[in-house]
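S.K.: Sharing structure_12.cif here; it has mmCIF, C-alpha atoms.
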```cif
data_final
loop_
_atom_site.label_atom_id
_atom_site.label_comp_id
_atom_site.auth_asym_id
_atom_site.auth_seq_id
_atom_site.Cartn_x
_atom_site.Cartn_y
_atom_site.Cartn_z
CA MET A 1 138.05 119.42 111.77
CA LYS A 2 136.19 122.68 112.21
CA ALA A 3 132.79 122.82 113.88
CA PRO A 4 129.89 123.65 111.55
CA ALA A 5 128.06 127.00 111.87
CA ARG A 6 125.72 127.14 114.87
CA LEU A 7 121.99 127.57 114.54
CA ALA A 8 120.43 130.60 116.24
CA ILE A 9 116.65 130.42 116.13
CA PRO A 10 114.38 131.49 119.02
CA GLY A 11 111.80 129.18 120.63
CA SER A 12 111.13 126.69 123.41
CA GLY A 13 111.55 122.96 124.11
CA THR A 14 109.03 120.11 123.88
CA GLY A 15 106.71 118.46 126.43
CA LYS A 16 106.97 115.28 128.50
CA SER A 17 108.53 112.28 126.78
CA PRO A 18 108.33 108.55 127.41
CA SER A 19 111.06 107.36 129.79
CA TRP A 20 112.65 105.14 127.14
CA ILE A 21 113.69 108.29 125.27
CA SER A 22 115.72 109.99 127.96
CA GLY A 23 117.60 107.17 129.71
CA SER A 24 121.05 105.90 128.88
CA ALA A 25 122.40 102.39 128.32
CA SER A 26 125.15 100.41 126.65
CA LEU A 27 125.54 100.24 122.85
CA SER A 28 123.43 103.41 122.73
CA ASP A 29 125.35 104.85 119.77
CA VAL A 30 123.59 102.29 117.60
CA VAL A 31 120.67 100.86 119.60
CA LEU A 32 118.17 103.63 120.35
CA SER A 33 115.70 101.49 122.26
CA THR A 34 114.74 97.89 123.01
CA ARG A 35 111.27 96.40 123.05
CA ALA A 36 110.10 93.04 124.36
CA ARG A 37 106.61 91.91 123.40
CA LEU A 38 104.67 88.85 124.57
CA ALA A 39 101.56 87.63 122.72
CA ARG A 40 98.94 85.76 124.75
CA ASN A 41 95.33 84.67 124.29
CA VAL A 42 92.52 83.87 126.65
CA SER A 43 91.68 80.16 126.50
CA GLY A 44 88.22 79.41 125.15
CA ALA A 45 87.80 82.78 123.39
CA ILE A 46 87.92 83.34 119.62
CA PHE A 47 90.97 85.35 118.50
CA PRO A 48 90.27 89.06 117.83
CA HIS A 49 90.26 89.05 114.02
CA MET A 50 87.47 86.39 113.95
CA ALA A 51 85.64 87.51 117.09
CA SER A 52 82.23 89.17 117.25
CA ASP A 53 81.69 92.44 119.12
CA ALA A 54 80.24 90.44 122.02
CA ASP A 55 83.32 88.15 122.10
CA LEU A 56 85.66 91.15 122.09
CA ALA A 57 83.69 92.89 124.84
CA ARG A 58 83.77 89.76 127.00
CA VAL A 59 87.55 89.32 126.57
CA ALA A 60 88.18 93.00 127.24
CA LYS A 61 86.17 92.80 130.44
CA ILE A 62 87.91 89.75 131.86
CA VAL A 63 91.40 90.94 130.92
CA LEU A 64 90.79 94.41 132.37
CA THR A 65 89.40 92.87 135.54
CA ALA A 66 92.43 90.56 135.87
CA ALA A 67 94.84 93.43 135.15
CA HIS A 68 93.26 95.63 137.79
CA ARG A 69 93.39 92.78 140.29
CA VAL A 70 97.15 92.32 139.81
CA GLN A 71 97.90 96.02 139.33
CA GLU A 72 99.52 96.41 142.71
CA LYS A 73 102.22 93.77 142.23
CA ALA A 74 102.63 93.77 138.43
CA PHE A 75 102.17 97.26 137.07
CA ARG A 76 102.34 100.21 139.43
CA SER A 77 100.51 103.27 138.09
CA MET A 78 98.83 101.86 134.98
CA HIS A 79 96.21 103.90 133.15
CA THR A 80 93.42 102.28 131.18
CA VAL A 81 92.99 103.80 127.73
CA ASP A 82 89.82 103.02 125.75
CA ILE A 83 91.19 103.29 122.21
CA SER A 84 87.77 103.87 120.60
CA ALA A 85 87.23 106.93 122.83
CA LEU A 86 90.38 108.66 121.53
CA ASN A 87 90.45 111.22 118.75
CA ASP A 88 92.82 110.79 115.81
CA GLN A 89 95.50 113.00 117.35
CA GLU A 90 95.52 111.00 120.57
CA LYS A 91 95.66 107.74 118.61
CA ALA A 92 98.58 109.09 116.58
CA ALA A 93 100.40 110.08 119.78
CA LEU A 94 100.05 106.52 121.11
CA VAL A 95 101.40 105.11 117.84
CA ASP A 96 104.25 107.65 117.76
CA SER A 97 105.26 106.65 121.27
CA HIS A 98 105.23 103.02 120.10
CA LEU A 99 102.81 102.25 122.94
CA THR A 100 100.44 100.57 120.51
CA SER A 101 100.22 99.71 116.82
CA VAL A 102 98.50 101.27 113.83
CA ALA A 103 96.37 98.12 113.46
CA HIS A 104 95.21 98.34 117.08
CA VAL A 105 94.04 101.96 116.90
CA ARG A 106 92.31 101.28 113.57
CA ALA A 107 90.55 98.13 114.74
CA GLY A 108 87.35 99.58 116.26
CA LYS A 109 85.45 98.94 119.51
CA HIS A 110 86.57 97.01 122.59
CA ARG A 111 90.26 97.78 122.14
CA PHE A 112 92.16 98.96 125.21
CA ALA A 113 95.70 99.81 126.22
CA LEU A 114 97.02 99.79 129.76
CA VAL A 115 99.88 102.27 129.88
CA ASP A 116 102.21 103.00 132.80
CA ASP A 117 103.24 106.47 133.99
CA ASN A 118 106.66 106.22 132.33
CA GLN A 119 105.08 105.15 129.03
CA SER A 120 107.50 102.25 129.11
CA VAL A 121 105.04 99.40 129.68
CA SER A 122 101.82 98.83 127.77
CA VAL A 123 99.37 95.95 127.74
CA LEU A 124 97.25 95.92 124.60
CA ILE A 125 93.87 94.24 124.73
CA ASN A 126 92.29 92.82 121.56
CA GLU A 127 95.13 93.70 119.24
CA GLU A 128 96.20 90.83 116.92
CA ASP A 129 96.01 88.64 120.03
CA HIS A 130 93.82 89.14 123.11
CA ILE A 131 96.81 90.29 125.15
CA ARG A 132 100.04 91.89 124.03
CA ILE A 133 102.45 92.81 126.83
CA GLN A 134 105.04 95.29 125.69
CA VAL A 135 108.02 96.86 127.46
CA ILE A 136 110.22 99.52 125.86
CA LEU A 137 113.50 100.59 127.45
CA PRO A 138 116.22 102.98 126.25
CA GLY A 139 119.35 101.62 124.56
CA MET A 140 120.24 97.94 124.54
CA GLN A 141 118.34 96.31 127.41
CA ALA A 142 116.88 93.18 125.88
CA ASP A 143 117.12 91.05 128.99
CA ALA A 144 115.65 93.70 131.31
CA ALA A 145 112.76 94.37 128.91
CA ARG A 146 112.05 90.65 128.54
CA ARG A 147 112.10 90.06 132.29
CA LYS A 148 109.75 92.96 132.94
CA ALA A 149 107.26 91.66 130.34
CA ASP A 150 107.63 88.19 131.81
CA ALA A 151 106.72 89.40 135.31
CA ILE A 152 103.49 90.95 134.00
CA ASP A 153 102.76 87.75 132.09
CA ASP A 154 103.25 85.70 135.28
CA ALA A 155 100.87 87.93 137.21
CA LEU A 156 98.16 87.89 134.51
CA SER A 157 98.52 84.13 133.99
CA GLN A 158 97.56 83.55 137.61
CA GLU A 159 94.28 85.35 137.03
CA LEU A 160 93.37 84.24 133.50
CA PRO A 161 93.08 80.93 131.59
CA ILE A 162 95.75 81.27 128.88
CA ALA A 163 95.67 79.44 125.50
CA TYR A 164 98.65 77.08 125.74
CA ASP A 165 99.67 73.66 124.45
CA LYS A 166 102.52 71.69 125.98
CA HIS A 167 104.00 70.83 122.55
CA LEU A 168 103.24 74.06 120.66
CA GLY A 169 103.57 76.55 123.51
CA TYR A 170 101.49 79.74 123.57
CA LEU A 171 98.75 79.63 120.92
CA THR A 172 98.58 82.88 118.96
CA ALA A 173 96.45 84.22 116.12
CA SER A 174 99.42 84.20 113.74
CA LEU A 175 101.53 81.08 113.45
CA ALA A 176 104.50 83.43 113.18
CA ASN A 177 104.18 84.10 116.95
CA CYS A 178 103.19 80.62 118.12
CA GLY A 179 105.51 79.10 120.72
CA MET A 180 107.12 81.72 122.93
CA GLY A 181 104.91 84.54 121.62
CA LEU A 182 108.00 86.65 122.24
CA ARG A 183 109.42 89.26 119.95
CA VAL A 184 112.49 91.17 121.09
CA SER A 185 113.12 94.20 118.87
CA ILE A 186 115.87 96.75 118.87
CA MET A 187 115.58 100.08 117.10
CA VAL A 188 118.92 100.81 115.48
CA HIS A 189 120.37 103.88 113.77
CA LEU A 190 122.95 103.04 111.10
CA PRO A 191 123.81 106.20 109.13
CA ALA A 192 127.46 105.35 108.41
CA LEU A 193 126.67 101.90 107.02
CA ALA A 194 123.96 103.51 104.87
CA LEU A 195 126.41 106.12 103.53
CA LEU A 196 128.82 103.36 102.56
CA HIS A 197 125.95 101.34 100.95
CA ARG A 198 126.78 98.45 103.22
CA LEU A 199 123.29 97.82 104.58
CA PRO A 200 122.34 94.99 102.18
CA SER A 201 125.32 92.89 103.23
CA THR A 202 124.77 93.88 106.87
CA TRP A 203 121.16 92.64 106.75
CA GLN A 204 122.29 89.46 105.07
CA ALA A 205 124.58 88.83 108.02
CA ALA A 206 121.80 89.76 110.48
CA ASN A 207 119.44 87.32 108.72
CA SER A 208 121.99 84.57 109.11
CA LEU A 209 121.78 85.28 112.86
CA ASP A 210 117.99 84.64 112.61
CA ALA A 211 117.05 88.32 112.82
CA ALA A 212 114.36 90.11 110.76
CA VAL A 213 114.51 93.80 109.75
CA ARG A 214 111.64 96.30 109.41
CA GLY A 215 111.07 100.10 109.21
CA LEU A 216 110.55 102.67 111.98
CA TYR A 217 106.80 102.17 112.48
CA GLY A 218 106.78 98.38 112.05
CA GLU A 219 105.68 96.06 109.31
CA GLY A 220 104.99 97.59 105.91
CA THR A 221 106.42 101.01 106.74
CA GLU A 222 109.30 102.70 105.00
CA MET A 223 112.75 102.77 106.45
CA ALA A 224 113.22 106.46 107.16
CA GLY A 225 116.39 108.15 108.38
CA ASN A 226 118.36 104.90 108.48
CA ILE A 227 116.38 103.79 111.53
CA TYR A 228 115.47 100.12 111.53
CA GLN A 229 113.77 97.61 113.80
CA VAL A 230 115.64 94.35 114.15
CA SER A 231 113.90 91.44 115.87
CA ASN A 232 113.98 87.68 116.28
CA ALA A 233 112.70 85.95 113.15
CA VAL A 234 111.31 82.85 114.87
CA SER A 235 109.43 82.18 118.10
CA MET A 236 109.81 78.41 118.30
CA GLY A 237 112.75 76.14 119.01
CA TRP A 238 114.52 78.73 121.15
CA THR A 239 114.16 79.64 124.79
CA GLU A 240 113.45 83.23 125.80
CA ALA A 241 117.01 83.60 127.10
CA GLN A 242 118.42 82.31 123.80
CA THR A 243 116.27 84.84 121.94
CA VAL A 244 117.69 87.67 124.03
CA GLY A 245 121.19 86.27 123.43
CA LYS A 246 120.68 86.21 119.65
CA ILE A 247 119.39 89.78 119.51
CA THR A 248 122.25 90.91 121.74
CA ALA A 249 124.67 89.22 119.34
CA VAL A 250 123.06 91.06 116.40
CA ALA A 251 123.28 94.38 118.29
CA THR A 252 126.95 93.80 119.07
CA TYR A 253 127.61 92.94 115.44
CA LEU A 254 125.77 96.04 114.18
CA GLU A 255 127.57 98.26 116.67
CA ALA A 256 130.96 96.99 115.51
CA GLU A 257 130.03 97.38 111.82
CA GLU A 258 128.66 100.91 112.30
CA ALA A 259 131.70 101.95 114.38
CA GLY A 260 134.01 100.62 111.66
CA ALA A 261 132.05 102.47 108.99
CA ARG A 262 132.21 105.74 110.95
CA GLU A 263 135.94 105.40 111.42
CA LEU A 264 136.41 104.78 107.71
CA LEU A 265 134.30 107.82 106.81
CA ILE A 266 136.25 110.09 109.17
CA ARG A 267 139.55 108.79 107.88
CA THR A 268 138.79 108.89 104.16
CA ARG A 269 135.87 111.27 103.56
CA ALA A 270 136.01 113.87 106.34
CA ALA A 271 135.40 116.92 104.15
CA GLU A 272 132.41 115.26 102.49
CA MET A 273 130.95 114.34 105.89
CA GLU A 274 131.39 117.91 107.09
CA ASP A 275 129.51 119.18 104.03
CA LEU A 276 126.77 116.65 104.62
CA VAL A 277 126.24 117.75 108.21
CA GLN A 278 126.42 121.44 107.32
CA ASN A 279 123.89 120.98 104.52
CA ALA A 280 121.47 119.34 106.95
CA GLN A 281 121.95 122.26 109.36
CA HIS A 282 121.31 124.79 106.60
CA GLN A 283 118.27 122.87 105.41
CA LEU A 284 116.80 122.94 108.89
CA ARG A 285 117.70 126.62 109.38
CA ASP A 286 115.96 127.62 106.13
CA ALA A 287 113.03 125.19 106.11
CA GLU A 288 109.45 126.50 106.18
CA ARG A 289 107.94 123.01 105.96
CA LEU A 290 109.34 119.54 106.57
CA SER A 291 107.70 116.20 105.80
CA VAL A 292 108.21 113.27 108.19
CA GLU A 293 110.70 111.77 105.74
CA GLU A 294 112.66 115.02 105.33
CA GLY A 295 112.54 115.57 109.07
CA VAL A 296 113.86 112.17 110.02
CA ARG A 297 116.54 112.38 107.31
CA ILE A 298 117.80 115.72 108.68
CA LEU A 299 117.71 114.45 112.27
CA SER A 300 119.54 111.32 111.21
CA THR A 301 122.31 113.37 109.59
CA LEU A 302 122.56 115.75 112.57
CA ARG A 303 122.81 112.87 115.04
CA PHE A 304 125.40 111.28 112.79
CA GLY A 305 127.28 114.61 112.89
CA TYR A 306 126.99 114.71 116.68
CA LEU A 307 128.46 111.23 116.99
CA MET A 308 131.24 112.21 114.57
CA GLY A 309 132.17 115.08 116.90
CA TYR A 310 130.35 118.00 115.25
CA ASP A 311 128.59 120.61 117.31
CA THR A 312 125.05 119.81 116.13
CA HIS A 313 123.53 119.34 119.62
CA VAL A 314 121.45 116.45 118.32
CA SER A 315 122.39 114.15 121.19
CA ASP A 316 120.84 110.71 121.70
CA THR A 317 118.10 112.22 123.85
CA VAL A 318 117.28 115.06 121.44
CA PHE A 319 117.28 112.65 118.51
CA SER A 320 115.02 110.04 120.12
CA GLU A 321 112.69 112.73 121.46
CA LEU A 322 112.29 114.47 118.09
CA VAL A 323 111.92 111.21 116.16
CA ALA A 324 109.18 110.09 118.57
CA GLY A 325 107.59 113.52 118.16
CA LEU A 326 107.59 113.38 114.36
CA ARG A 327 103.89 112.54 114.47
CA GLY A 328 104.29 110.10 111.61
CA GLY A 329 101.46 108.16 113.20
CA THR A 330 98.93 110.74 112.00
CA GLN A 331 99.73 109.96 108.41
CA LEU A 332 99.14 106.29 109.10
CA ILE A 333 95.83 106.47 110.95
CA ALA A 334 93.85 109.65 110.12
CA SER A 335 91.03 109.88 107.55
CA ASP A 336 91.89 111.46 104.17
CA ASP A 337 90.58 114.97 105.01
CA ASP A 338 92.00 115.02 108.50
CA ARG A 339 95.23 113.60 107.21
CA ALA A 340 95.69 116.35 104.62
CA ARG A 341 94.89 119.06 107.19
CA ASP A 342 97.03 117.55 109.90
CA VAL A 343 99.96 116.77 107.63
CA PHE A 344 100.02 120.43 106.51
CA TYR A 345 99.86 121.61 110.14
CA GLN A 346 102.58 119.23 111.27
CA GLU A 347 104.84 120.01 108.33
CA THR A 348 104.69 123.75 108.93
CA ARG A 349 105.33 123.56 112.68
CA ARG A 350 108.03 120.88 112.43
CA PRO A 351 111.03 123.09 111.47
CA ALA A 352 110.48 125.42 114.45
CA LEU A 353 109.91 122.45 116.77
CA PHE A 354 113.26 120.96 115.73
CA ARG A 355 115.12 124.28 115.88
CA ASN A 356 113.69 125.13 119.28
CA ARG A 357 114.59 121.78 120.78
CA ILE A 358 118.14 121.93 119.43
CA ARG A 359 118.48 125.50 120.69
CA ALA A 360 117.29 124.42 124.14
CA GLU A 361 119.88 121.64 124.14
CA ARG A 362 122.61 124.10 123.15
CA SER A 363 121.61 126.39 126.03
CA THR A 364 121.67 123.46 128.46
CA VAL A 365 125.14 122.42 127.28
CA ALA A 366 126.40 126.03 127.45
CA ALA A 367 124.99 126.45 130.98
CA GLY A 368 126.46 123.11 132.12
CA MET B 1 91.39 78.93 95.69
CA ILE B 2 94.11 77.34 97.73
CA GLY B 3 96.60 77.36 94.87
CA GLU B 4 96.33 81.14 94.44
CA ASN B 5 96.85 81.87 98.12
CA ASP B 6 99.51 79.35 98.86
CA GLN B 7 102.02 81.78 100.37
CA LEU B 8 103.39 79.16 102.70
CA GLY B 9 104.17 76.91 99.75
CA LEU B 10 102.45 73.96 101.37
CA PHE B 11 100.39 72.95 98.36
CA GLU B 12 103.17 72.46 95.84
CA GLY B 13 102.41 69.48 93.63
CA ARG B 14 98.92 69.00 95.12
CA ASP B 15 96.84 70.72 92.44
CA GLY B 16 94.03 68.16 92.70
CA GLU B 17 93.04 69.51 96.09
CA ASP B 18 92.21 72.92 94.61
CA LEU B 19 88.85 71.53 93.54
CA MET B 20 87.84 70.46 97.05
CA PRO B 21 85.80 72.86 99.21
CA SER B 22 88.01 74.30 101.95
CA PRO B 23 87.21 72.76 105.35
CA ALA B 24 86.32 75.15 108.16
CA CYS B 25 86.84 75.20 111.93
CA PRO B 26 83.60 74.23 113.75
CA THR B 27 84.21 76.86 116.47
CA CYS B 28 85.26 80.03 114.64
CA HIS B 29 84.57 79.04 110.99
CA THR B 30 88.08 79.96 109.83
CA ARG B 31 88.62 78.17 106.53
CA LEU B 32 91.70 76.13 105.84
CA ASP B 33 92.53 78.18 102.74
CA ARG B 34 92.78 81.29 104.95
CA ILE B 35 95.39 79.55 107.08
CA TYR B 36 97.34 78.64 103.95
CA ALA B 37 97.03 82.21 102.72
CA ASP B 38 98.33 84.17 105.70
CA GLY B 39 99.09 81.78 108.56
CA PHE B 40 96.29 83.16 110.76
CA LEU B 41 94.13 80.88 112.91
CA GLY B 42 90.84 81.95 114.47
CA CYS B 43 90.84 80.11 117.78
CA GLU B 44 92.38 77.27 119.80
CA THR B 45 90.15 74.73 118.06
CA CYS B 46 91.80 75.59 114.72
CA TYR B 47 95.05 74.28 116.20
CA GLU B 48 93.37 70.90 116.85
CA VAL B 49 91.24 70.61 113.72
CA PHE B 50 94.08 71.60 111.38
CA ALA B 51 96.87 70.04 113.46
CA ASP B 52 98.75 68.55 110.49
CA VAL B 53 98.69 71.76 108.48
CA VAL B 54 99.68 73.78 111.55
CA GLN B 55 102.64 71.52 112.20
CA GLN B 56 103.82 71.78 108.59
CA ALA B 57 103.44 75.56 108.62
CA LEU B 58 105.31 75.92 111.92
CA ILE B 59 108.21 73.87 110.59
CA SER B 60 108.28 75.98 107.44
CA MET B 61 108.27 79.25 109.47
CA HIS B 62 110.37 78.38 112.51
CA GLY B 63 112.31 75.31 111.45
CA THR B 64 110.56 73.28 114.14
CA SER B 65 107.11 72.74 115.65
CA ARG B 66 108.37 72.01 119.14
CA HIS B 67 108.07 74.71 121.82
CA THR B 68 111.12 74.88 124.08
CA GLY B 69 110.41 78.13 125.89
CA LYS B 70 108.46 79.17 128.95
CA THR B 71 105.89 76.75 130.31
CA LEU B 72 102.54 77.77 131.71
#
```
Mind turning this structure into structure tokens?
M.R.:
Amino acid sequence: MKAPARLAIPGSGTGKSPSWISGSASLSDVVLSTRARLARNVSGAIFPHMASDADLARVAKIVLTAAHRVQEKAFRSMHTVDISALNDQEKAALVDSHLTSVAHVRAGKHRFALVDDNQSVSVLINEEDHIRIQVILPGMQADAARRKADAIDDALSQELPIAYDKHLGYLTASLANCGMGLRVSIMVHLPALALLHRLPSTWQAANSLDAAVRGLYGEGTEMAGNIYQVSNAVSMGWTEAQTVGKITAVATYLEAEEAGARELLIRTRAAEMEDLVQNAQHQLRDAERLSVEEGVRILSTLRFGYLMGYDTHVSDTVFSELVAGLRGGTQLIASDDDRARDVFYQETRRPALFRNRIRAERSTVAAG
Amino acid sequence: MIGENDQLGLFEGRDGEDLMPSPACPTCHTRLDRIYADGFLGCETCYEVFADVVQQALISMHGTSRHTGKTL
């Protein structure tokens, strides 16, 4: 199999990335990152979607105070971000890094995020629930992410009265989260299964393992570039360890299915795959503008090519970094005028951003 | 009306209740028809006031209404 033509476009690399982008872990061919999220509420306070401004302000104050009190043992280097003080670009960057949600940055006053230096841990205040503890780690690390979130929960629970019932568990705004309040999600990349049109049957199997599937930016977003979020479908009747076990089983299943699909494609459709990868390279080389969807589709194909042994230089790190930097968040949160202006700006700078990063990776590999 | 928002399917065969005003939580004023519509409660009191509905909804969503995870 010959290597596709190399790209040769001048430029530089990108800025600092969250730590979950650059690490390495098992099953990383398929699982790009793992997130554990705990939903908690302050006892005696009305849940955010029904709360008045005064209620929200009071909750924010007591949660921030508690968080700062336990900072030493629970967080290490957390920064308090007042969401309402951010501009649209900063909000989009938070969403793109998956440190908070579109709903949280859109929600208005008295919304905060505590974010650690590595951008791996965030505690969201007054999101759907009063407290959302979230840990994102690279690759498949469901147990580690869950344990880290759990430690923060333990620390905060010592300082705050938490809404809890001995029969129902943690009381949350949505009944979908009641019980453990835990959602373990893995972000998976499944290009070979998509090429073979096997995703519907794959998701059917995943659903039978009690897993739910969503798009790259969460609920209601499109599934771009064959990147999906898979998470536990229920939060009651299981223990936290069982939840991690189920998601790990789904990840193992998906990894085996994707590996089988790749092998089949190499064995039976090698020339077609080579064309596919080369076309994506040519598209990127010639592009003057790229939408988020086009961008993620090209990156998906180039990473697929990399995993199939082609010289695309879209390694796991490059792929995760560029996907996180797609700035899709802007399209989801900005006002109409800003959105149009920003989308144009992002689309025109995106091709060079991609080319420069890939070129930098090629130089690093050549030097190494 | 409850019948129009019955996404949880809890009102099947109970059309007569559509004519009743939807009860509300005394603490946060969340109405019962909202809970039927999207499964969102407004506060801890909702869990007590609408305990039967909550239990039914939890069983429909999770297959059980019994928490077996972490204890506070």
S.K.: Report as CSV the residues of chain A within 9 Å of chain B, each with its shortest atom pair and distance in Å (one decimal), using all atoms listed in the file, ordered by chain and increasing residue number.
M.R.:
```
residue,atom,partner,partner_atom,distance
A:Ser43,CA,B:Glu44,CA,7.3
A:Gly44,CA,B:Glu44,CA,7.1
A:Ala45,CA,B:Cys43,CA,6.9
A:Ile46,CA,B:Cys43,CA,4.7
A:Phe47,CA,B:Gly42,CA,5.3
A:Pro48,CA,B:Gly42,CA,7.9
A:His49,CA,B:Gly42,CA,7.1
A:Met50,CA,B:Gly42,CA,5.6
A:Ala51,CA,B:Cys28,CA,7.9
A:Asp154,CA,B:Leu72,CA,8.7
A:Ser157,CA,B:Leu72,CA,7.9
A:Ile162,CA,B:Leu72,CA,8.1
A:Ala163,CA,B:Glu44,CA,6.9
A:Tyr164,CA,B:Leu72,CA,7.2
A:Asp165,CA,B:Leu72,CA,8.8
A:Lys166,CA,B:Thr71,CA,7.5
A:His167,CA,B:Arg66,CA,5.7
A:Leu168,CA,B:His67,CA,5.0
A:Gly169,CA,B:His67,CA,5.1
A:Tyr170,CA,B:Leu72,CA,8.4
A:Leu171,CA,B:Glu44,CA,6.9
A:Thr172,CA,B:Leu41,CA,7.8
A:Ala173,CA,B:Leu41,CA,5.2
A:Ser174,CA,B:Phe40,CA,4.4
A:Leu175,CA,B:Gly39,CA,5.5
A:Ala176,CA,B:Met61,CA,6.7
A:Cys178,CA,B:Leu58,CA,8.1
A:Gly179,CA,B:His67,CA,5.2
A:Met180,CA,B:Gly69,CA,5.7
A:Ala233,CA,B:His62,CA,7.9
A:Val234,CA,B:His62,CA,5.1
A:Ser235,CA,B:His62,CA,6.8
A:Met236,CA,B:His67,CA,5.4
A:Gly237,CA,B:Thr68,CA,5.5
A:Trp238,CA,B:Thr68,CA,5.9
A:Thr239,CA,B:Gly69,CA,4.2
A:Glu240,CA,B:Gly69,CA,5.9
A:Ala241,CA,B:Gly69,CA,8.7
```
S.K.: What residues have an atom no more than 12 Å from (112.8, 121.4, 103.7) in the file's own frame, counting all atoms listed in the file, and can you write them as a ChimeraX atom specification?
M.R.: /A:279-298,347-352
S.K.: So how far away is atom CA of Pro191 of chain A from atom CA of Glu258 of chain A, in Å?
M.R.: 7.8 Å
S.K.: Decode the PyMOL selection byres ((chain A and resi 69) around 12) for the given file into explicit residues and return them as a list of chain:residue names.
M.R.: A:Ile62, A:Val63, A:Leu64, A:Thr65, A:Ala66, A:Ala67, A:His68, A:Val70, A:Gln71, A:Glu72, A:Lys73, A:Ala74, A:Phe75, A:Arg76, A:Met78, A:Ala155, A:Leu156, A:Ser157, A:Gln158, A:Glu159, A:Leu160
S.K.: Grab the atom CA of Ile136 of chain A to atom CA of Arg357 of chain A distance for me, in Å with one decimal place.
M.R.: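 Computing the Euclidean distance for atom CA of Ile136 of chain A and atom CA of Arg357 of chain A yields 23.2 Å.
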